[in-house]
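**Q** Pasting final.txt below, which is compact mmCIF, C-alpha atoms and all ligand atoms.
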# COMPACT_ATOMS: atom_id res chain seq x y z
CA MET A 18 70.14 -33.98 244.98
CA ALA A 19 71.23 -37.30 243.48
CA ILE A 20 69.56 -40.39 244.84
CA PRO A 21 71.18 -43.83 244.99
CA LEU A 22 70.08 -45.99 242.05
CA LEU A 23 69.62 -49.76 241.88
CA ARG A 24 71.99 -50.02 238.92
CA ASP A 25 74.86 -48.84 241.14
CA PHE A 26 74.51 -51.87 243.44
CA ASP A 27 76.00 -55.31 243.04
CA ILE A 28 72.99 -57.44 244.02
CA GLN A 29 74.26 -60.87 243.01
CA GLY A 30 73.21 -63.33 245.73
CA LYS A 31 71.78 -60.47 247.81
CA CYS A 32 68.21 -60.25 249.01
CA VAL A 33 66.44 -57.23 247.55
CA LEU A 34 63.12 -56.03 248.92
CA VAL A 35 61.34 -54.08 246.18
CA ARG A 36 58.39 -51.80 247.02
CA GLU A 37 56.20 -51.91 243.94
CA ASP A 38 52.82 -50.32 243.27
CA LEU A 39 50.78 -53.44 242.47
CA ASN A 40 47.53 -51.81 243.55
CA VAL A 41 45.59 -53.04 240.51
CA PRO A 42 41.85 -53.51 239.99
CA VAL A 43 40.79 -57.07 240.82
CA ALA A 44 37.41 -58.50 239.78
CA ASP A 45 36.17 -62.07 240.34
CA GLY A 46 39.56 -63.10 241.68
CA ARG A 47 41.42 -61.91 238.58
CA VAL A 48 43.50 -58.87 237.72
CA ALA A 49 41.22 -56.67 235.61
CA ASN A 50 43.89 -54.23 234.42
CA GLY A 51 47.52 -55.27 234.59
CA ALA A 52 49.15 -51.97 233.56
CA ARG A 53 50.90 -51.54 236.92
CA ILE A 54 52.13 -55.14 236.86
CA GLU A 55 53.52 -54.55 233.35
CA ALA A 56 55.25 -51.41 234.57
CA ALA A 57 56.92 -53.32 237.44
CA LEU A 58 58.20 -56.21 235.31
CA PRO A 59 61.46 -54.67 233.99
CA THR A 60 62.64 -54.05 237.56
CA VAL A 61 61.76 -57.58 238.67
CA ARG A 62 63.43 -59.08 235.59
CA HIS A 63 66.54 -56.96 236.18
CA CYS A 64 66.84 -58.24 239.77
CA MET A 65 66.37 -61.85 238.64
CA ALA A 66 68.91 -61.49 235.83
CA GLU A 67 71.46 -60.06 238.28
CA GLY A 68 71.07 -63.14 240.46
CA ALA A 69 69.36 -61.41 243.37
CA ARG A 70 66.90 -63.05 245.72
CA VAL A 71 63.76 -61.03 245.13
CA VAL A 72 61.04 -60.12 247.62
CA LEU A 73 58.25 -57.80 246.48
CA VAL A 74 56.01 -55.73 248.74
CA SER A 75 52.88 -53.75 247.82
CA HIS A 76 49.50 -52.73 249.11
CA LEU A 77 46.14 -53.43 247.48
CA GLY A 78 43.09 -51.27 248.12
CA ARG A 79 42.18 -49.94 251.53
CA PRO A 80 41.63 -52.74 254.05
CA ARG A 81 40.94 -51.64 257.59
CA PRO A 82 44.44 -51.48 259.12
CA GLY A 83 45.35 -54.79 260.71
CA GLU A 84 42.42 -56.67 259.16
CA ARG A 85 43.01 -59.49 256.67
CA ASP A 86 40.26 -58.96 254.11
CA PRO A 87 40.39 -61.93 251.71
CA ALA A 88 38.90 -59.78 248.92
CA LEU A 89 42.05 -57.64 249.10
CA SER A 90 44.59 -60.47 249.02
CA LEU A 91 47.46 -60.07 246.56
CA GLY A 92 46.87 -63.71 245.47
CA PRO A 93 45.55 -62.75 242.01
CA VAL A 94 48.50 -60.39 241.57
CA ALA A 95 51.01 -63.15 242.44
CA LYS A 96 49.34 -65.35 239.83
CA ALA A 97 49.44 -62.62 237.14
CA LEU A 98 53.06 -61.81 237.98
CA GLY A 99 54.01 -65.48 237.76
CA ASP A 100 52.29 -65.81 234.37
CA ALA A 101 54.13 -62.75 233.05
CA LEU A 102 57.53 -63.89 234.39
CA GLY A 103 57.12 -67.50 233.31
CA ARG A 104 57.79 -68.83 236.82
CA ALA A 105 55.68 -69.13 239.93
CA VAL A 106 55.62 -66.18 242.32
CA LYS A 107 54.87 -67.40 245.85
CA LEU A 108 52.59 -65.28 248.01
CA VAL A 109 53.87 -65.19 251.61
CA ASP A 110 51.65 -64.24 254.51
CA ASP A 111 53.85 -65.21 257.49
CA TRP A 112 57.02 -63.34 256.57
CA GLN A 113 57.42 -61.47 259.86
CA ASP A 114 60.23 -63.72 261.15
CA GLY A 115 62.05 -63.98 257.83
CA VAL A 116 61.60 -65.53 254.41
CA ASP A 117 63.26 -68.34 252.54
CA VAL A 118 64.07 -67.15 249.03
CA GLY A 119 66.59 -68.67 246.62
CA THR A 120 68.71 -66.97 243.97
CA SER A 121 66.54 -65.53 241.17
CA ASP A 122 63.40 -66.59 243.05
CA VAL A 123 60.57 -64.09 243.45
CA LEU A 124 58.33 -63.88 246.51
CA LEU A 125 55.46 -61.48 247.04
CA LEU A 126 54.49 -60.46 250.57
CA GLU A 127 50.75 -60.42 251.29
CA ASN A 128 49.02 -57.00 251.16
CA ILE A 129 51.18 -54.87 253.45
CA ARG A 130 48.13 -52.90 254.60
CA PHE A 131 46.99 -56.07 256.39
CA GLU A 132 49.70 -55.08 258.92
CA ALA A 133 48.43 -52.66 261.57
CA GLY A 134 51.56 -50.50 261.48
CA GLU A 135 51.85 -49.91 257.73
CA MET A 136 49.93 -46.67 257.38
CA THR A 137 51.22 -45.26 260.66
CA ASN A 138 54.83 -45.90 259.61
CA ASP A 139 55.38 -48.04 262.70
CA PRO A 140 59.14 -48.38 263.35
CA ALA A 141 58.83 -52.02 264.47
CA LEU A 142 57.13 -53.00 261.19
CA ALA A 143 59.68 -50.98 259.20
CA GLN A 144 62.46 -52.78 261.07
CA ARG A 145 60.97 -56.19 260.32
CA LEU A 146 60.71 -55.34 256.61
CA ALA A 147 64.27 -54.00 256.61
CA GLY A 148 65.45 -57.20 258.31
CA LEU A 149 64.32 -59.23 255.28
CA CYS A 150 66.78 -57.65 252.88
CA ASP A 151 70.29 -56.48 252.07
CA VAL A 152 69.00 -53.69 249.83
CA PHE A 153 65.62 -51.95 249.86
CA VAL A 154 64.51 -50.75 246.44
CA MET A 155 61.81 -48.08 246.26
CA ASP A 156 60.12 -48.44 242.87
CA ALA A 157 56.53 -47.41 243.69
CA PHE A 158 56.16 -43.85 242.43
CA GLY A 159 52.39 -44.15 242.93
CA THR A 160 52.82 -44.43 246.72
CA ALA A 161 55.88 -42.21 247.11
CA HIS A 162 53.63 -39.44 248.51
CA ARG A 163 52.70 -41.63 251.50
CA THR A 164 54.75 -41.85 254.69
CA HIS A 165 54.20 -45.54 255.37
CA ALA A 166 56.35 -48.31 256.84
CA SER A 167 56.90 -49.89 253.40
CA THR A 168 57.78 -46.60 251.69
CA VAL A 169 59.65 -44.44 254.20
CA GLY A 170 60.29 -46.36 257.45
CA VAL A 171 61.92 -49.31 255.72
CA ALA A 172 64.08 -47.00 253.58
CA GLU A 173 65.47 -45.48 256.78
CA ALA A 174 65.94 -48.80 258.56
CA ALA A 175 67.38 -50.94 255.74
CA ARG A 176 71.13 -51.61 255.46
CA ALA A 177 70.99 -49.93 252.04
CA ALA A 178 68.21 -48.21 250.09
CA CYS A 179 67.91 -46.92 246.55
CA ALA A 180 65.47 -46.00 243.77
CA GLY A 181 64.41 -48.66 241.30
CA PRO A 182 64.35 -48.08 237.53
CA LEU A 183 60.62 -47.27 237.38
CA LEU A 184 60.82 -44.62 240.10
CA ALA A 185 63.99 -43.22 238.49
CA ALA A 186 62.24 -43.02 235.09
CA GLU A 187 59.27 -41.18 236.61
CA LEU A 188 61.55 -38.65 238.29
CA ASP A 189 63.57 -38.20 235.08
CA ALA A 190 60.44 -37.59 233.00
CA LEU A 191 58.98 -35.09 235.45
CA GLY A 192 62.34 -33.39 235.87
CA ARG A 193 62.57 -32.98 232.10
CA VAL A 194 59.26 -31.12 232.18
CA LEU A 195 59.62 -29.03 235.33
CA ASP A 196 63.34 -28.32 235.66
CA ASN A 197 64.63 -27.57 232.19
CA PRO A 198 61.87 -27.99 229.60
CA ALA A 199 62.29 -27.53 225.87
CA ARG A 200 60.25 -24.37 225.15
CA PRO A 201 57.52 -23.53 224.76
CA LEU A 202 56.12 -25.63 227.59
CA VAL A 203 52.37 -26.10 227.19
CA ALA A 204 50.58 -27.56 230.22
CA VAL A 205 47.09 -29.00 229.96
CA VAL A 206 45.19 -28.98 233.25
CA GLY A 207 41.67 -30.30 232.81
CA GLY A 208 39.10 -32.03 234.96
CA ALA A 209 36.26 -31.19 237.23
CA LYS A 210 37.35 -28.65 239.83
CA VAL A 211 39.84 -25.83 240.24
CA SER A 212 39.89 -26.43 244.00
CA THR A 213 41.32 -29.96 243.67
CA LYS A 214 44.07 -28.80 241.28
CA LEU A 215 44.77 -25.41 242.77
CA ALA A 216 48.32 -26.21 243.87
CA VAL A 217 49.06 -27.79 240.48
CA LEU A 218 47.78 -24.72 238.60
CA GLU A 219 49.78 -22.34 240.82
CA SER A 220 52.96 -24.35 240.52
CA VAL A 221 52.66 -25.03 236.78
CA ALA A 222 52.01 -21.30 236.18
CA ASP A 223 55.61 -20.72 237.37
CA VAL A 224 57.16 -22.86 234.65
CA ALA A 225 54.71 -23.13 231.72
CA ASP A 226 54.52 -20.72 228.77
CA SER A 227 50.81 -21.42 228.48
CA ILE A 228 48.21 -23.45 230.35
CA ILE A 229 45.31 -25.01 228.49
CA VAL A 230 42.49 -25.42 230.99
CA GLY A 231 39.70 -27.90 230.39
CA GLY A 232 36.44 -29.24 231.80
CA GLY A 233 34.89 -27.72 234.91
CA ILE A 234 38.21 -25.94 235.52
CA ALA A 235 37.83 -24.11 232.18
CA ASN A 236 34.28 -23.18 233.15
CA THR A 237 35.60 -21.37 236.23
CA PHE A 238 38.13 -19.54 234.04
CA LEU A 239 35.31 -18.57 231.64
CA LEU A 240 33.37 -17.21 234.59
CA ALA A 241 36.47 -15.26 235.62
CA SER A 242 36.59 -13.76 232.10
CA GLY A 243 33.01 -12.54 232.40
CA VAL A 244 31.47 -15.22 230.17
CA THR A 245 27.99 -16.48 231.07
CA ILE A 246 28.10 -20.28 231.43
CA GLY A 247 24.51 -21.12 232.33
CA ALA A 248 24.09 -24.17 234.56
CA SER A 249 27.67 -25.45 234.06
CA LEU A 250 29.81 -27.03 236.76
CA ALA A 251 32.03 -24.22 238.04
CA GLU A 252 33.37 -22.83 241.31
CA PRO A 253 32.50 -19.13 241.69
CA ASP A 254 34.63 -18.99 244.88
CA GLN A 255 37.70 -19.85 242.78
CA VAL A 256 37.27 -16.99 240.29
CA ASP A 257 39.98 -14.92 241.98
CA VAL A 258 42.38 -17.87 241.69
CA ALA A 259 41.60 -18.13 237.97
CA GLN A 260 42.18 -14.39 237.52
CA ARG A 261 45.50 -14.61 239.32
CA ILE A 262 46.65 -17.50 237.11
CA MET A 263 45.57 -15.62 233.95
CA SER A 264 47.63 -12.61 235.01
CA ARG A 265 50.76 -14.77 235.31
CA VAL A 266 50.62 -17.04 232.27
CA GLU A 267 48.85 -17.26 228.92
CA VAL A 268 45.58 -19.19 229.27
CA PRO A 269 43.87 -19.56 225.87
CA MET A 270 40.11 -19.21 226.28
CA PRO A 271 37.65 -21.31 224.25
CA VAL A 272 35.86 -19.53 221.39
CA ASP A 273 33.18 -22.17 220.94
CA LEU A 274 31.68 -24.73 223.30
CA MET A 275 29.59 -27.92 223.31
CA THR A 276 26.61 -27.90 225.64
CA ALA A 277 23.62 -29.95 226.81
CA VAL A 278 20.91 -29.41 229.40
CA ALA A 279 22.19 -32.38 231.45
CA VAL A 280 25.17 -34.73 231.68
CA ASP A 281 23.32 -37.49 229.91
CA ALA A 282 24.67 -40.04 227.43
CA GLY A 283 21.36 -39.86 225.51
CA LEU A 284 21.54 -36.12 224.82
CA PRO A 285 23.25 -34.74 221.72
CA ALA A 286 25.93 -32.06 222.09
CA ARG A 287 24.94 -28.56 220.92
CA LEU A 288 27.53 -26.23 219.41
CA ARG A 289 27.46 -22.71 220.88
CA PRO A 290 29.60 -19.63 220.28
CA ARG A 291 31.27 -18.76 223.58
CA ASP A 292 28.88 -15.91 224.37
CA GLU A 293 25.66 -17.78 223.60
CA VAL A 294 25.37 -20.42 226.30
CA GLY A 295 21.75 -20.63 227.46
CA SER A 296 20.86 -20.25 231.14
CA ASP A 297 19.67 -23.89 231.31
CA GLU A 298 22.72 -25.28 229.48
CA MET A 299 25.90 -26.91 230.79
CA VAL A 300 29.23 -26.57 229.02
CA LEU A 301 30.53 -30.13 228.64
CA ASP A 302 33.29 -29.81 226.03
CA VAL A 303 35.11 -27.31 223.85
CA GLY A 304 33.87 -26.72 220.30
CA PRO A 305 35.68 -27.74 217.07
CA GLU A 306 37.27 -24.33 216.39
CA THR A 307 38.70 -24.21 219.93
CA ALA A 308 39.96 -27.78 219.59
CA ARG A 309 41.73 -26.81 216.32
CA ARG A 310 43.41 -23.83 217.97
CA LEU A 311 44.54 -25.85 220.99
CA ALA A 312 45.86 -28.58 218.69
CA ASP A 313 47.95 -25.92 216.85
CA LEU A 314 49.35 -24.67 220.13
CA VAL A 315 50.39 -28.19 221.11
CA ALA A 316 51.81 -28.93 217.65
CA ASN A 317 54.31 -26.10 218.11
CA ALA A 318 55.29 -26.95 221.70
CA GLY A 319 58.70 -28.16 222.81
CA THR A 320 57.24 -29.86 225.88
CA VAL A 321 53.68 -30.85 226.78
CA LEU A 322 52.46 -31.79 230.25
CA TRP A 323 48.97 -33.27 230.30
CA ASN A 324 46.65 -33.91 233.24
CA GLY A 325 42.88 -33.96 232.93
CA PRO A 326 40.29 -34.08 230.13
CA LEU A 327 38.82 -31.10 228.23
CA GLY A 328 35.27 -32.35 228.68
CA VAL A 329 33.05 -35.24 229.78
CA PHE A 330 35.01 -37.54 227.47
CA GLU A 331 33.41 -40.68 228.92
CA MET A 332 30.42 -39.76 226.69
CA ASP A 333 31.47 -39.72 223.03
CA GLN A 334 29.47 -36.62 222.12
CA PHE A 335 31.42 -34.60 224.74
CA GLY A 336 34.79 -36.23 224.04
CA GLU A 337 35.79 -34.60 220.76
CA GLY A 338 37.86 -31.83 222.35
CA THR A 339 39.82 -34.37 224.42
CA ARG A 340 40.24 -36.63 221.36
CA VAL A 341 41.55 -33.86 219.10
CA LEU A 342 43.93 -32.66 221.81
CA ALA A 343 45.14 -36.22 222.57
CA GLU A 344 45.87 -36.83 218.89
CA ALA A 345 47.67 -33.49 218.59
CA ILE A 346 49.89 -34.27 221.60
CA ALA A 347 50.60 -37.74 220.23
CA SER A 348 51.67 -36.47 216.82
CA ALA A 349 53.62 -33.44 218.08
CA ASP A 350 57.43 -33.49 218.10
CA ALA A 351 57.29 -32.24 221.69
CA TYR A 352 58.49 -34.24 224.70
CA SER A 353 55.13 -35.18 226.25
CA VAL A 354 54.34 -36.43 229.75
CA ALA A 355 50.81 -37.47 230.70
CA GLY A 356 49.46 -38.68 234.02
CA GLY A 357 46.37 -39.16 236.18
CA GLY A 358 43.63 -41.77 236.05
CA ASP A 359 41.26 -39.96 233.67
CA THR A 360 44.08 -38.89 231.40
CA LEU A 361 45.40 -42.44 231.06
CA ALA A 362 41.82 -43.61 230.38
CA ALA A 363 41.47 -40.98 227.63
CA ILE A 364 44.83 -42.02 226.12
CA GLU A 365 43.59 -45.60 226.02
CA LYS A 366 40.17 -44.64 224.64
CA TYR A 367 41.67 -42.68 221.76
CA GLY A 368 44.50 -45.16 221.09
CA VAL A 369 47.34 -42.62 221.39
CA ALA A 370 49.60 -44.32 223.96
CA GLU A 371 52.43 -44.79 221.47
CA GLY A 372 52.58 -41.07 220.80
CA MET A 373 53.21 -40.07 224.43
CA SER A 374 56.87 -39.75 225.41
CA TYR A 375 56.07 -40.81 228.98
CA ARG A 376 52.94 -41.95 230.80
CA SER A 377 53.20 -41.59 234.57
CA THR A 378 52.00 -44.49 236.72
CA GLY A 379 51.35 -42.23 239.72
CA GLY A 380 47.97 -40.56 240.26
CA GLY A 381 48.11 -38.66 243.56
CA ALA A 382 51.92 -38.72 243.59
CA PHE A 383 52.01 -37.27 240.05
CA LEU A 384 49.79 -34.36 241.08
CA GLU A 385 51.70 -33.72 244.30
CA TYR A 386 55.00 -33.70 242.43
CA LEU A 387 53.57 -31.27 239.87
CA ALA A 388 52.39 -29.10 242.74
CA GLY A 389 56.01 -28.81 243.86
CA GLU A 390 55.56 -30.90 246.98
CA THR A 391 58.26 -33.17 248.37
CA LEU A 392 57.47 -36.85 248.07
CA PRO A 393 58.48 -38.50 251.39
CA GLY A 394 59.34 -41.79 249.65
CA VAL A 395 61.83 -39.93 247.43
CA ASP A 396 63.05 -37.54 250.09
CA VAL A 397 64.17 -40.42 252.32
CA LEU A 398 66.27 -41.82 249.47
CA GLU A 399 67.90 -38.42 248.97
CA ARG A 400 68.99 -38.60 252.59
CA ARG A 401 70.49 -42.06 252.04
CA THR A 402 73.92 -40.96 250.89
CA VAL A 403 76.47 -43.44 249.60
CA ALA A 404 78.04 -43.54 253.07
CA SER A 405 74.81 -44.50 254.80
CA ASN A 406 74.27 -47.35 252.36
CA ARG A 407 76.08 -50.35 253.82
CA GLN A 408 76.48 -53.22 251.43
P1 LIG A 501 39.32 -34.80 237.59
O1 LIG A 501 39.12 -36.00 238.46
O2 LIG A 501 39.34 -33.52 238.31
O3 LIG A 501 40.51 -34.98 236.66
O4 LIG A 501 38.03 -34.70 236.68
C1 LIG A 501 37.74 -35.60 235.66
C2 LIG A 501 36.27 -35.67 235.44
O5 LIG A 501 35.78 -34.38 235.11
C3 LIG A 501 35.89 -36.59 234.31
O6 LIG A 501 35.15 -37.66 234.82
C4 LIG A 501 35.02 -35.72 233.40
O7 LIG A 501 33.85 -36.36 232.96
C5 LIG A 501 34.66 -34.56 234.28
N1 LIG A 501 34.42 -33.33 233.48
C6 LIG A 501 35.17 -32.89 232.48
N2 LIG A 501 34.64 -31.78 231.95
C7 LIG A 501 33.51 -31.52 232.64
C8 LIG A 501 32.52 -30.49 232.54
N3 LIG A 501 32.60 -29.53 231.62
N4 LIG A 501 31.49 -30.54 233.39
C9 LIG A 501 31.42 -31.53 234.32
N5 LIG A 501 32.34 -32.51 234.47
C10 LIG A 501 33.38 -32.50 233.63
Take the structure from the file and write it as structure tokens.
Ligand code: AMP
**A**
Amino acid sequence: MAIPLLRDFDIQGKCVLVREDLNVPVADGRVANGARIEAALPTVRHCMAEGARVVLVSHLGRPRPGERDPALSLGPVAKALGDALGRAVKLVDDWQDGVDVGTSDVLLLENIRFEAGEMTNDPALAQRLAGLCDVFVMDAFGTAHRTHASTVGVAEAARAACAGPLLAAELDALGRVLDNPARPLVAVVGGAKVSTKLAVLESVADVADSIIVGGGIANTFLLASGVTIGASLAEPDQVDVAQRIMSRVEVPMPVDLMTAVAVDAGLPARLRPRDEVGSDEMVLDVGPETARRLADLVANAGTVLWNGPLGVFEMDQFGEGTRVLAEAIASADAYSVAGGGDTLAAIEKYGVAEGMSYRSTGGGAFLEYLAGETLPGVDVLERRTVASNRQ
């Protein structure tokens, strides 16, 4: 279903309340990684250029609901936003009875999780947020899987509500992968545990032509194929899940592996043929021949979806599989979408950001969307038809 988009609204002189995901790491009172701020800037600049009065709302961290923890103030974020926009962004704590914001001004509300009713989607809080604005703009894909006052309640209560450009871009990118992908669609699902990505694996098996599994997840698939994996991280209780996935979609199995007797930065990686992993060894990466084969698969893909590393890439000696795969995705002609905290860290580590067609800003929301779940923060916008949007 089509959702109302910000670009369809005349916002000149109007007050727009934009839910952004400005939940960034802060250390020593400064923003330590501003990627989410960068991602929000085009929307903020668009609203300013259109002559709107701009109020931003976001959460930061996990304060105890209703408690004002100074360490989780959005002060450093307001400062970083102001620096990036070239004009001061005022942080407002006492906004409950209204705000004073001029044309093209930008205000940032203090951490919305300082309000007791945020995480319970309290209607009174949602109403107060809605009362601040003419148009509510949901642009925080990263929190669209949460039913909170600043994501869902306000979208129901506001005079008008729509998706911002960042949220729309996320939905477009994921739609291009899941709804009508250029074939073949190769999905990479790596990481530690099958159990945490079960729904993603099941759902992706419906649409992908092949699934490359990596990390502890691949270990469980090896176990399911009858391969002895020594002391590796794996989930024997998920073997039946792995077998079911393998019966539905092609899952290329590693032919060689990198092992060590412990996950230890000081230990060298040992190359083992797939059937020669010692009983005291842990599989911590794929071997070079496997990496070459997986890179070939990706090079010939029409679409690549990537979530999760192929090994313990944080340690260089177990990161080669992830590096080779990352470089192959980046240089492929395929439309490529990558997401998840570890995946974005790997993209940064191997310097391949430019080669990705789209990098998702949502962690949990990205995985839930891939798993075929409805995101409440998007669903509510779908229910806001043109008629229910009063301008
Ligand atoms: P996830 O949060 O499920 O995406 O898992 C990512 C984490 O899995 C990373 O921190 C990796 O170091 C870790 N990991 C990847 N491969 C392995 C492996 N073979 N054994 C243990 N941990 C792994």
**Q** What is the distance between atom CA of A:Ala161 and atom C1 of ligand LIG 501 (chain A), in Å to one decimal?
**A**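 That distance, rounded to one decimal, is 22.4 Å.
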**Q** Could you check which of A:Arg130, A:Arg24, A:Arg376, A:Lys210 is closest to A:Asp254, using only C-alpha atoms?
**A**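 Going through A:Arg130, A:Arg24, A:Arg376, A:Lys210 one by one, the smallest distance to A:Asp254 is for A:Lys210.
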**Q** Within 6 Å of ligand LIG 501 (chain A), which residues show up when you count all atoms listed in the file? List them as a ChimeraX atom specification, please.
**A** /A:208-210,232-233,250,300-302,325-331,359
**Q** Write to file, as a JSON list (two decimals), in the coordinates of the input, the residues of the selection just made, with C-alpha atoms.
**A**
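Output file selection-v7.json is given in full below:
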[["chain", "number", "residue", "atom", "x", "y", "z"],
["A", 208, "GLY", "CA", 39.10, -32.03, 234.96],
["A", 209, "ALA", "CA", 36.26, -31.19, 237.23],
["A", 210, "LYS", "CA", 37.35, -28.65, 239.83],
["A", 232, "GLY", "CA", 36.44, -29.24, 231.80],
["A", 233, "GLY", "CA", 34.89, -27.72, 234.91],
["A", 250, "LEU", "CA", 29.81, -27.03, 236.76],
["A", 300, "VAL", "CA", 29.23, -26.57, 229.02],
["A", 301, "LEU", "CA", 30.53, -30.13, 228.64],
["A", 302, "ASP", "CA", 33.29, -29.81, 226.03],
["A", 325, "GLY", "CA", 42.88, -33.96, 232.93],
["A", 326, "PRO", "CA", 40.29, -34.08, 230.13],
["A", 327, "LEU", "CA", 38.82, -31.10, 228.23],
["A", 328, "GLY", "CA", 35.27, -32.35, 228.68],
["A", 329, "VAL", "CA", 33.05, -35.24, 229.78],
["A", 330, "PHE", "CA", 35.01, -37.54, 227.47],
["A", 331, "GLU", "CA", 33.41, -40.68, 228.92],
["A", 359, "ASP", "CA", 41.26, -39.96, 233.67]]
**Q** Could you give me, as a list in words, the residues that sit within 8 Å of (61.7, -59.6, 255.2) in the file's coordinates, counting only C-alpha atoms?
**A**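 Final list of nearby residues, as requested, is Leu34, Val72, Trp112, Gln113, Asp114, Gly115, Val116, Arg145, Leu146, Ala147, Gly148, Leu149 and Cys150 of chain A.
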**Q** Take atom CA of A:Met299 and atom CA of A:Gly380 and report the distance between them in Å, one decimal.
**A** 27.6 Å
**Q** Select, counting only C-alpha atoms, all protein, DNA and RNA residues no farther than 12 Å from (39.5, -60.8, 239.4) in file coordinates, and express the selection as an MDAnalysis selection string.
**A** chainID A and resid 41:51 88:94 96:97
**Q** Of the residues A:Ala175, A:Ala259, A:Val268, A:Val205, which is the one nearest to A:Val152, using all atoms listed in the file?
**A**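 Closest residue, counting all atoms listed in the file: A:Ala175.
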**Q** Hey, can you check how far atom CA of A:Leu361 sits from atom CA of A:Leu392?
**A**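 A separation of 21.6 Å between them.
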**Q** Taking all atoms listed in the file into account, name the residue in A:Leu239, A:Ala105, A:Val194, A:Ala343 that is nearest to A:Val321.
**A**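 Nearest candidate to A:Val321 out of A:Leu239, A:Ala105, A:Val194, A:Ala343: A:Val194.
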**Q** Do you know which residues are at most 12 Å from A:Arg265 counting only C-alpha atoms, after dropping those on the same chain fewer than 2 positions away, and could you put them as a short mmCIF file (atom, residue, chain, number, x, y, z; two decimals) with C-alpha atoms, in the frame of the given file?
**A**
data_model
loop_
_atom_site.label_atom_id
_atom_site.label_comp_id
_atom_site.auth_asym_id
_atom_site.auth_seq_id
_atom_site.Cartn_x
_atom_site.Cartn_y
_atom_site.Cartn_z
CA LEU A 218 47.78 -24.72 238.60
CA GLU A 219 49.78 -22.34 240.82
CA SER A 220 52.96 -24.35 240.52
CA VAL A 221 52.66 -25.03 236.78
CA ALA A 222 52.01 -21.30 236.18
CA ASP A 223 55.61 -20.72 237.37
CA VAL A 224 57.16 -22.86 234.65
CA ALA A 225 54.71 -23.13 231.72
CA ASP A 226 54.52 -20.72 228.77
CA SER A 227 50.81 -21.42 228.48
CA ILE A 228 48.21 -23.45 230.35
CA VAL A 258 42.38 -17.87 241.69
CA ALA A 259 41.60 -18.13 237.97
CA GLN A 260 42.18 -14.39 237.52
CA ARG A 261 45.50 -14.61 239.32
CA ILE A 262 46.65 -17.50 237.11
CA MET A 263 45.57 -15.62 233.95
CA GLU A 267 48.85 -17.26 228.92
CA VAL A 268 45.58 -19.19 229.27
#
**Q** Centre and edge lengths, as JSON, for the axis-aligned box enclosing every listed atom of stretch 325-329 of chain A with 3 Å of padding on each of the six sides, in Å to one decimal?
**A**
{"center_x": 38.0, "center_y": -33.2, "center_z": 230.6, "size_x": 15.8, "size_y": 10.1, "size_z": 10.7}
**Q** For A:Phe153, which residue out of A:Val33, A:Ala66, A:Leu240, A:Ile229 is the nearest one, using all atoms listed in the file?
**A**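 Looking at the shortest contact to A:Phe153, the residue is A:Val33.
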**Q** List as a list in words the protein and nucleic acid residues near A:Glu84, meaning an atom at most 10 Å away when all atoms listed in the file are counted, but skip any in the same chain fewer than 5 places from it.
**A**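 My reading of the contact set: Arg130, Phe131, Glu132 and Ala133 of chain A.
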**Q** Fewer than 5 positions away in the same chain doesn't count, so skip those; otherwise give me all residues within 9 Å of A:Ser212, counting only C-alpha atoms, as a PDB file with C-alpha atoms, in the coordinates of the input.
**A**
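What ended up in result-v6.pdb:
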ATOM      1  CA  ILE A 234      38.210 -25.940 235.520  1.00  0.00           C
ATOM      2  CA  GLU A 252      33.370 -22.830 241.310  1.00  0.00           C
ATOM      3  CA  GLN A 255      37.700 -19.850 242.780  1.00  0.00           C
TER       4      GLN A 255
END
**Q** Would you please work out which residue, of A:Leu311, A:Val294, A:Ala318, A:Ala355, is nearest to A:Val244 when using only C-alpha atoms?
**A** A:Val294
**Q** Counting all atoms listed in the file, which residue out of A:Pro285, A:Glu306, A:Gly247, A:Gly207 sits closest to A:Ala363?
**A**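 Of all the options, A:Gly207 lies closest to A:Ala363.
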**Q** Using only C-alpha atoms, which residues sit within 12 Å of A:Leu284 once same-chain residues fewer than 2 positions away are excluded, as number ranges by chain?
**A** A: 275-282, 286-287, 298-299, 301, 332-335
